[in-house]
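Structure data follow from query.tsv (TSV, C-alpha atoms):
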```tsv
chain	number	residue	atom	x	y	z
A	1	MET	CA	-22.78	-7.69	-22.51
A	2	LYS	CA	-19.14	-7.99	-23.54
A	3	ALA	CA	-16.62	-5.75	-21.79
A	4	GLN	CA	-13.56	-4.21	-23.43
A	5	VAL	CA	-10.58	-3.77	-21.08
A	6	LYS	CA	-7.39	-2.03	-22.18
A	7	MET	CA	-4.50	0.02	-20.87
A	8	THR	CA	-4.33	3.57	-22.21
A	9	LYS	CA	-2.12	6.55	-21.50
A	10	ARG	CA	-4.87	7.79	-19.20
A	11	GLY	CA	-5.08	4.56	-17.21
A	12	ILE	CA	-7.08	1.33	-17.36
A	13	GLU	CA	-10.19	1.80	-19.48
A	14	CYS	CA	-13.24	-0.47	-19.32
A	15	VAL	CA	-16.06	-0.07	-21.79
A	16	VAL	CA	-19.30	-1.99	-21.24
A	17	GLY	CA	-21.96	-1.06	-23.76
A	18	SER	CA	-22.14	2.73	-23.73
A	19	ARG	CA	-20.53	3.06	-20.30
A	20	GLN	CA	-16.86	3.99	-19.91
A	21	VAL	CA	-14.99	3.49	-16.65
A	22	LEU	CA	-11.44	4.71	-16.02
A	23	LEU	CA	-9.59	2.94	-13.20
A	24	ASP	CA	-6.91	4.95	-11.38
A	25	PRO	CA	-6.65	7.36	-14.33
A	26	LYS	CA	-3.67	9.66	-14.71
A	27	VAL	CA	-5.93	12.11	-16.54
A	28	VAL	CA	-9.51	12.43	-15.31
A	29	ASP	CA	-12.08	12.22	-18.08
A	30	SER	CA	-14.95	14.69	-18.24
A	31	THR	CA	-17.43	11.90	-18.98
A	32	GLY	CA	-17.99	8.46	-17.55
A	33	ILE	CA	-16.71	7.15	-14.22
A	34	ASN	CA	-13.23	7.94	-12.90
A	35	PHE	CA	-12.37	5.62	-10.00
A	36	VAL	CA	-9.44	6.34	-7.67
A	37	SER	CA	-8.60	3.31	-5.54
A	38	HIS	CA	-6.44	4.99	-2.88
A	39	ALA	CA	-4.23	7.97	-2.10
A	40	HIS	CA	-0.71	6.72	-2.82
A	41	MET	CA	0.85	9.14	-5.28
A	42	ASP	CA	1.24	6.58	-8.07
A	43	HIS	CA	-2.55	6.07	-8.08
A	44	LEU	CA	-3.65	9.70	-7.88
A	45	PRO	CA	-4.52	11.60	-11.09
A	46	THR	CA	-2.06	14.16	-12.36
A	47	ARG	CA	-4.81	16.23	-13.97
A	48	ASN	CA	-8.40	17.05	-13.00
A	49	GLY	CA	-11.33	17.37	-15.36
A	50	GLY	CA	-14.25	15.27	-14.21
A	51	ALA	CA	-16.02	13.53	-11.36
A	52	ILE	CA	-14.02	11.21	-9.09
A	53	LEU	CA	-15.43	8.11	-7.39
A	54	ALA	CA	-13.45	7.31	-4.23
A	55	SER	CA	-13.82	6.76	-0.49
A	56	ASP	CA	-14.05	9.66	1.94
A	57	HIS	CA	-10.75	8.65	3.51
A	58	THR	CA	-9.04	8.63	0.12
A	59	ARG	CA	-10.40	12.08	-0.58
A	60	ALA	CA	-9.12	13.40	2.77
A	61	ILE	CA	-5.66	11.89	2.39
A	62	ALA	CA	-5.38	12.95	-1.27
A	63	ALA	CA	-6.17	16.53	-0.29
A	64	THR	CA	-3.15	16.60	2.03
A	65	ARG	CA	-1.06	15.42	-0.91
A	66	GLY	CA	-2.24	18.21	-3.17
A	67	PHE	CA	-4.99	16.53	-5.17
A	68	LYS	CA	-8.50	17.97	-4.82
A	69	PRO	CA	-11.02	16.72	-7.41
A	70	ASP	CA	-13.29	19.11	-9.26
A	71	ARG	CA	-16.23	16.84	-8.42
A	72	TYR	CA	-16.40	13.95	-6.03
A	73	ALA	CA	-18.72	11.07	-5.13
A	74	THR	CA	-18.59	8.16	-2.68
A	75	SER	CA	-21.21	6.11	-4.51
A	76	ALA	CA	-22.65	5.57	-7.98
A	77	GLU	CA	-25.49	3.38	-9.18
A	78	GLY	CA	-24.27	-0.01	-10.31
A	79	PHE	CA	-20.86	0.35	-8.62
A	80	GLU	CA	-19.75	-1.18	-5.32
A	81	MET	CA	-16.56	-0.08	-3.61
A	82	ILE	CA	-14.97	-2.89	-1.56
A	83	ASP	CA	-12.28	-2.39	1.09
A	84	SER	CA	-9.06	-3.65	-0.47
A	85	GLY	CA	-7.12	-3.84	2.83
A	86	HIS	CA	-4.10	-1.95	1.42
A	87	ILE	CA	-4.15	1.36	3.33
A	88	LEU	CA	-6.77	3.50	5.05
A	89	GLY	CA	-9.51	4.28	2.53
A	90	SER	CA	-8.26	1.93	-0.21
A	91	ARG	CA	-11.00	0.33	-2.26
A	92	GLY	CA	-11.51	-2.08	-5.12
A	93	LEU	CA	-14.39	-1.57	-7.55
A	94	LEU	CA	-17.07	-4.10	-8.56
A	95	PHE	CA	-19.28	-3.33	-11.55
A	96	ASP	CA	-20.82	-5.25	-14.46
A	97	ASP	CA	-19.26	-8.53	-13.20
A	98	ILE	CA	-15.84	-6.86	-13.27
A	99	PHE	CA	-13.72	-6.51	-10.14
A	100	TYR	CA	-10.73	-4.15	-10.11
A	101	THR	CA	-8.58	-4.76	-7.05
A	102	GLY	CA	-6.49	-1.60	-7.02
A	103	ASP	CA	-3.63	-2.39	-4.63
A	104	ILE	CA	-4.89	-5.23	-2.46
A	105	CYS	CA	-3.97	-7.09	0.71
A	106	THR	CA	-5.99	-10.05	1.96
A	107	HIS	CA	-4.29	-10.46	5.36
A	108	SER	CA	-5.26	-8.33	8.36
A	109	ARG	CA	-2.66	-6.33	10.30
A	110	GLY	CA	-2.87	-3.57	12.87
A	111	PHE	CA	-6.10	-1.65	12.32
A	112	LEU	CA	-6.49	-2.84	8.71
A	113	GLN	CA	-8.74	-5.76	7.80
A	114	GLY	CA	-7.82	-8.04	4.92
A	115	ALA	CA	-9.88	-7.61	1.76
A	116	ARG	CA	-12.86	-9.80	0.95
A	117	ILE	CA	-12.96	-11.03	-2.62
A	118	PRO	CA	-16.25	-10.83	-4.52
A	119	LYS	CA	-17.26	-13.24	-7.26
A	120	CYS	CA	-16.80	-11.81	-10.75
A	121	LYS	CA	-16.40	-12.81	-14.39
A	122	ILE	CA	-13.51	-10.45	-15.12
A	123	LEU	CA	-10.77	-9.74	-12.58
A	124	ILE	CA	-8.28	-6.90	-13.01
A	125	THR	CA	-5.60	-7.42	-10.41
A	126	GLU	CA	-2.32	-5.92	-9.39
A	127	CYS	CA	0.55	-8.40	-9.08
A	128	THR	CA	3.30	-6.40	-7.37
A	129	PHE	CA	4.59	-9.64	-5.82
A	130	GLY	CA	3.53	-11.97	-8.61
A	131	LEU	CA	6.60	-14.25	-8.44
A	132	ASP	CA	6.87	-17.33	-6.24
A	133	GLU	CA	9.94	-15.93	-4.48
A	134	PHE	CA	7.67	-13.44	-2.71
A	135	VAL	CA	6.02	-15.43	0.07
A	136	PHE	CA	5.97	-13.60	3.40
A	137	PRO	CA	5.75	-14.78	7.01
A	138	GLY	CA	2.50	-14.17	8.88
A	139	VAL	CA	1.97	-10.94	10.79
A	140	ASN	CA	2.05	-12.64	14.21
A	141	GLU	CA	5.36	-14.32	13.38
A	142	THR	CA	6.80	-11.00	12.22
A	143	VAL	CA	5.64	-9.18	15.35
A	144	ARG	CA	7.19	-11.86	17.59
A	145	ARG	CA	10.47	-11.68	15.73
A	146	VAL	CA	10.68	-7.89	15.79
A	147	ASN	CA	9.63	-7.62	19.45
A	148	GLY	CA	12.42	-10.05	20.31
A	149	LEU	CA	14.87	-7.98	18.28
A	150	ILE	CA	13.81	-4.71	19.91
A	151	SER	CA	13.99	-6.32	23.35
A	152	ASP	CA	17.57	-7.42	22.71
A	153	LEU	CA	18.56	-3.97	21.46
A	154	TYR	CA	16.81	-2.25	24.38
A	155	GLY	CA	18.72	-4.50	26.75
A	156	ARG	CA	21.92	-3.04	25.30
A	157	GLY	CA	20.61	0.52	25.57
A	158	LEU	CA	20.29	0.96	21.80
A	159	PRO	CA	17.47	3.00	20.22
A	160	VAL	CA	15.60	1.49	17.28
A	161	ILE	CA	14.20	3.09	14.11
A	162	LEU	CA	11.40	1.16	12.38
A	163	MET	CA	11.22	2.16	8.71
A	164	GLY	CA	8.13	1.93	6.50
A	165	TYR	CA	6.31	4.06	3.93
A	166	PRO	CA	4.88	7.17	5.67
A	167	LEU	CA	1.37	6.48	4.31
A	168	GLY	CA	0.25	2.97	5.15
A	169	LYS	CA	3.08	0.89	6.58
A	170	ALA	CA	4.19	3.53	9.09
A	171	GLN	CA	0.72	3.54	10.67
A	172	THR	CA	0.71	-0.27	10.76
A	173	LEU	CA	4.12	-0.26	12.48
A	174	THR	CA	2.87	2.38	14.93
A	175	ARG	CA	-0.07	0.17	15.85
A	176	LEU	CA	1.81	-3.14	15.97
A	177	PHE	CA	4.69	-1.84	18.12
A	178	ARG	CA	2.86	0.72	20.25
A	179	ARG	CA	3.92	-1.05	23.49
A	180	TRP	CA	7.48	0.26	23.20
A	181	MET	CA	8.10	3.51	25.03
A	182	PRO	CA	9.15	6.17	24.55
A	183	LEU	CA	7.81	6.15	21.00
A	184	TYR	CA	8.80	8.93	18.61
A	185	PHE	CA	7.98	9.64	14.97
A	186	HIS	CA	9.80	11.15	12.05
A	187	ASP	CA	8.00	14.41	11.27
A	188	ALA	CA	6.60	13.03	7.98
A	189	VAL	CA	5.14	10.02	9.82
A	190	MET	CA	3.87	12.25	12.62
A	191	GLU	CA	1.92	14.32	10.08
A	192	MET	CA	0.31	11.25	8.54
A	193	ASN	CA	-0.40	9.64	11.93
A	194	THR	CA	-2.14	12.83	13.07
A	195	LEU	CA	-4.31	12.75	9.94
A	196	HIS	CA	-5.21	9.11	10.58
A	197	ALA	CA	-6.15	9.90	14.16
A	198	SER	CA	-8.41	12.71	12.93
A	199	LEU	CA	-10.10	10.14	10.67
A	200	GLY	CA	-10.85	7.85	13.59
A	201	VAL	CA	-7.87	5.46	13.60
A	202	ASP	CA	-6.71	4.50	17.09
A	203	LEU	CA	-3.00	5.32	17.11
A	204	PRO	CA	-0.84	6.29	20.07
A	205	SER	CA	0.04	9.96	20.30
A	206	GLY	CA	3.68	10.89	20.10
A	207	ILE	CA	6.29	13.51	19.38
A	208	GLY	CA	7.94	14.32	16.06
A	209	HIS	CA	11.68	13.84	15.78
A	210	THR	CA	12.47	17.54	15.39
A	211	GLU	CA	10.68	18.39	18.64
A	212	ALA	CA	12.12	15.38	20.45
A	213	GLU	CA	15.64	16.29	19.40
A	214	SER	CA	15.25	19.97	20.28
A	215	LYS	CA	14.13	18.97	23.80
A	216	GLY	CA	17.02	16.57	24.24
A	217	LEU	CA	14.68	13.60	24.56
A	218	LEU	CA	16.62	11.43	22.12
A	219	ARG	CA	19.65	11.51	24.42
A	220	LYS	CA	17.62	9.48	26.93
A	221	LYS	CA	18.11	6.03	25.44
A	222	PRO	CA	16.71	3.59	24.46
A	223	TRP	CA	13.66	4.59	22.42
A	224	VAL	CA	11.74	3.52	19.32
A	225	MET	CA	11.04	5.77	16.34
A	226	VAL	CA	8.91	5.14	13.25
A	227	ALA	CA	10.37	6.74	10.13
A	228	PRO	CA	10.07	6.54	6.32
A	229	PRO	CA	12.48	4.30	4.36
A	230	MET	CA	15.75	6.13	3.79
A	231	ALA	CA	19.12	5.26	2.35
A	232	GLU	CA	21.83	4.51	4.89
A	233	LYS	CA	23.83	7.58	3.86
A	234	THR	CA	21.03	10.15	4.20
A	235	LYS	CA	21.68	12.89	6.72
A	236	PHE	CA	18.84	11.78	8.99
A	237	VAL	CA	20.08	8.20	9.26
A	238	CYS	CA	23.71	9.25	9.64
A	239	ASP	CA	22.75	11.69	12.41
A	240	MET	CA	20.63	9.14	14.27
A	241	LYS	CA	23.46	6.61	14.14
A	242	SER	CA	26.35	8.94	14.98
A	243	ARG	CA	24.59	10.85	17.75
A	244	TYR	CA	22.53	8.12	19.36
A	245	GLY	CA	23.79	4.77	18.05
A	246	ALA	CA	20.39	3.99	16.53
A	247	ILE	CA	19.75	0.65	14.82
A	248	THR	CA	17.51	0.62	11.73
A	249	ILE	CA	14.93	-2.07	10.92
A	250	GLY	CA	13.38	-1.82	7.46
A	251	PHE	CA	10.04	-3.39	6.52
A	252	SER	CA	9.50	-4.22	2.86
A	253	GLY	CA	8.10	-6.89	0.64
A	254	TRP	CA	11.40	-6.68	-1.24
A	255	ALA	CA	13.48	-7.46	1.87
A	256	ARG	CA	14.57	-10.95	0.76
A	257	SER	CA	14.76	-10.31	-2.96
A	258	LYS	CA	18.12	-10.39	-4.73
A	259	ARG	CA	16.54	-8.31	-7.49
A	260	PHE	CA	16.09	-5.22	-5.29
A	261	PRO	CA	19.05	-4.88	-2.89
A	262	TYR	CA	18.05	-1.29	-2.02
A	263	ALA	CA	15.39	-2.76	0.27
A	264	ARG	CA	18.13	-4.24	2.47
A	265	LYS	CA	20.04	-1.03	3.18
A	266	THR	CA	19.11	-1.17	6.87
A	267	ASP	CA	20.71	-2.99	9.78
A	268	TYR	CA	17.84	-5.50	9.69
A	269	SER	CA	15.40	-6.14	6.83
A	270	ILE	CA	12.00	-7.66	7.58
A	271	PRO	CA	9.72	-9.01	4.82
A	272	MET	CA	6.37	-7.30	5.31
A	273	SER	CA	4.00	-5.74	2.80
A	274	ASP	CA	0.68	-3.94	2.39
A	275	HIS	CA	0.13	-6.02	-0.76
A	276	CYS	CA	-0.78	-9.67	-1.26
A	277	ASP	CA	2.17	-11.99	-1.49
A	278	TYR	CA	2.41	-14.56	-4.28
A	279	ASN	CA	0.33	-17.24	-2.53
A	280	GLU	CA	-2.32	-14.71	-1.54
A	281	LEU	CA	-2.57	-13.48	-5.14
A	282	ILE	CA	-3.14	-17.03	-6.36
A	283	GLU	CA	-5.78	-17.64	-3.69
A	284	MET	CA	-7.45	-14.31	-4.44
A	285	VAL	CA	-7.79	-15.22	-8.15
A	286	ARG	CA	-9.27	-18.60	-7.23
A	287	ARG	CA	-11.75	-17.09	-4.78
A	288	SER	CA	-12.96	-14.61	-7.38
A	289	GLY	CA	-14.04	-17.38	-9.74
A	290	ALA	CA	-13.11	-15.08	-12.63
A	291	GLU	CA	-13.37	-16.42	-16.17
A	292	ARG	CA	-10.77	-13.93	-17.38
A	293	VAL	CA	-7.95	-12.18	-15.51
A	294	TYR	CA	-6.02	-9.07	-16.51
A	295	THR	CA	-2.75	-8.44	-14.65
A	296	THR	CA	-1.39	-4.96	-13.96
A	297	HIS	CA	1.17	-3.21	-11.73
A	298	GLY	CA	4.03	-5.61	-11.14
A	299	PHE	CA	5.20	-8.85	-12.71
A	300	ILE	CA	2.34	-8.77	-15.17
A	301	GLU	CA	3.80	-11.10	-17.81
A	302	GLU	CA	5.09	-13.66	-15.32
A	303	PHE	CA	1.94	-13.76	-13.21
A	304	ALA	CA	-0.32	-14.02	-16.27
A	305	GLN	CA	1.81	-16.92	-17.49
A	306	THR	CA	1.51	-18.61	-14.07
A	307	LEU	CA	-2.27	-18.28	-14.21
A	308	ARG	CA	-2.42	-19.65	-17.73
A	309	GLY	CA	-0.40	-22.63	-16.51
A	310	MET	CA	-3.19	-23.22	-13.98
A	311	GLY	CA	-5.77	-23.23	-16.78
A	312	ILE	CA	-6.96	-19.66	-16.12
A	313	ASP	CA	-7.47	-17.28	-19.05
A	314	ALA	CA	-5.08	-14.43	-18.22
A	315	GLU	CA	-3.55	-11.51	-20.10
A	316	PRO	CA	-1.12	-8.77	-18.99
A	317	LEU	CA	-2.47	-5.25	-19.39
A	318	GLN	CA	-0.11	-2.91	-21.19
A	319	GLU	CA	-0.45	-0.14	-23.72
A	320	SER	CA	0.64	-2.36	-26.60
A	321	ASN	CA	-2.60	-4.29	-26.03
A	322	GLY	CA	-4.52	-1.72	-28.04
A	323	GLY	CA	-3.89	1.27	-25.78
A	324	LYS	CA	-4.15	4.79	-27.12
```
What would you get if you wrote out this structure as structure tokens?
Amino acid sequence: MKAQVKMTKRGIECVVGSRQVLLDPKVVDSTGINFVSHAHMDHLPTRNGGAILASDHTRAIAATRGFKPDRYATSAEGFEMIDSGHILGSRGLLFDDIFYTGDICTHSRGFLQGARIPKCKILITECTFGLDEFVFPGVNETVRRVNGLISDLYGRGLPVILMGYPLGKAQTLTRLFRRWMPLYFHDAVMEMNTLHASLGVDLPSGIGHTEAESKGLLRKKPWVMVAPPMAEKTKFVCDMKSRYGAITIGFSGWARSKRFPYARKTDYSIPMSDHCDYNELIEMVRRSGAERVYTTHGFIEEFAQTLRGMGIDAEPLQESNGGK
């Protein structure tokens, strides 16, 4: 049965026969299936109104971010949720020979396992890093480099702040660099780490920065802290540098890109992402065996063109493609 796939103001809409499926909808529909891939804010609905299909972990994290669905399910007949390896609870969705990746990462790191790719006829994939300039070093190489950097800074008595998104990358950094002590956390990271621990993730316990500072612990240098990405002139960064001489290390897939210099506003910038890089995206498409690929979220035109150059039927998903 032929599937219709289009981008609408509500989100990605798939219609197969009489069945309608909305993928990461901004507005939840009262009928059909509404699938939420994970709990990053740009993938959560802005309005309720129907049943949500998502993982338990996504539901728990989304609730802390203010989204509580009217109705909720972790399974539905004819639908298989597949771990997408992006953050805790993230899932892709396989149905009717269609696989929607959501945000996806096929390499393992920390406590997260890389996604497995099912066979499908239609693939709907994100392509955040869908340009060939975005090829990242392996996790082991990155860990060796950063451990060497921290060791050098520790030898000079300098504290280090590791910066990554508070949901996802911050927990990966916590796990990968847990050997460094004392280990502190920005309060926003501490809150999310505590939630992850309550959901069964093995993370080291620690102290939030407000408590550590109030107890004078930050004066006992060196130390490592995990914090969200922040501009170099924010009060927090300025205070950490002026009071304690802290050195910032930012982790981002955009770290080497000339297109996005904001990602390099730290003392050191390390290329590292919770998404597939360019080569992994290409390999993921090949492994799927898809006859048709729709690209979304990222360099959709460029990546679709790359796939077409490889002889793969590909089309960028955007509202002008018949959206309503």
Listing only residues of region 66-127 of chain A within 9 Å of region 13-29 of chain A, what is the closest atom pair and its distance in Å (to one decimal) for each, using all atoms listed in the file, sorted by chain and residue number ascending, as a tab-separated table?
```
residue	atom	partner	partner_atom	distance
A:Leu93	CA	A:Leu23	CA	8.7
A:Asp96	CA	A:Val16	CA	7.7
A:Tyr100	CA	A:Leu23	CA	7.8
A:Gly102	CA	A:Asp24	CA	7.9
```
Restrict the selected residues to C-alpha atoms and save them as a CSV table (one decimal), keeping the file's coordinate frame.
```csv
chain,number,residue,atom,x,y,z
A,93,LEU,CA,-14.4,-1.6,-7.6
A,96,ASP,CA,-20.8,-5.2,-14.5
A,100,TYR,CA,-10.7,-4.2,-10.1
A,102,GLY,CA,-6.5,-1.6,-7.0
```
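Taking CA of Gly208 (chain A) and CA of Asp152 (chain A) as endpoints, the distance between them is 24.7 Å.
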| Could you state the separation of CA of His297 (chain A) and CA of Thr128 (chain A) in Å, given to one decimal place? |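 Taking CA of His297 (chain A) and CA of Thr128 (chain A), their separation equals 5.8 Å.
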| field | Nearest residue to Arg256 (chain A) from the set A:Glu283, A:Trp180, A:Phe134, A:Thr142 (distances using only C-alpha atoms) | value | A:Phe134
| message | Within 12 Å of (17.9, 14.7, 21.0) in the file's own coordinates, which protein, DNA or RNA residues have an atom, counting only C-alpha atoms? List them as a ChimeraX atom specification. | response | /A:159,184,207-223,239-246
| message | Is it possible to get the residues within 9 Å of (-9.9, 4.4, -0.4) (coordinates as in the file, counting all atoms listed in the file) written as number ranges by chain? | response | A: 36-39, 54-59, 81-84, 86-92
| task | Would you kindly return, as a list in words, each protein, DNA or RNA residue with an atom no farther than 9 Å from any atom of Gln171 (chain A), considering all atoms listed in the file and excluding same-chain residues fewer than 5 positions away? | result |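 Once the adjacent positions are removed, what remains is Gly110, Phe111, Gly164, Tyr165, Pro166, Leu176, Val189, Met192, Asn193, His196, Leu203 and Val226 of chain A.
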| message | What does the structure give for the distance between CA of Met230 (chain A) and CA of Asn140 (chain A), in Å to one decimal? | response | 25.5 Å
Go through region 123-170 of chain A and flag each residue having an atom no more than 12 Å from region 304-317 of chain A; for those, report the closest pair of atoms plus their distance in Å to one decimal, using all atoms listed in the file, ordered by chain and rising number, as CSV.
```
residue,atom,partner,partner_atom,distance
A:Leu123,CA,A:Ala314,CA,9.3
A:Ile124,CA,A:Leu317,CA,8.8
A:Thr125,CA,A:Leu317,CA,9.8
A:Glu126,CA,A:Leu317,CA,10.0
A:Cys127,CA,A:Ala304,CA,9.2
A:Gly130,CA,A:Ala304,CA,8.8
A:Leu131,CA,A:Thr306,CA,8.8
A:Asp132,CA,A:Thr306,CA,9.6
```
| said: Given all atoms listed in the file as the basis, pick out the residue of A:Arg179, A:Ile12, A:Gly168, A:His186 nearest to His40 (chain A). | reply: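 Answer, going by the shortest atom-to-atom distance: A:Gly168.
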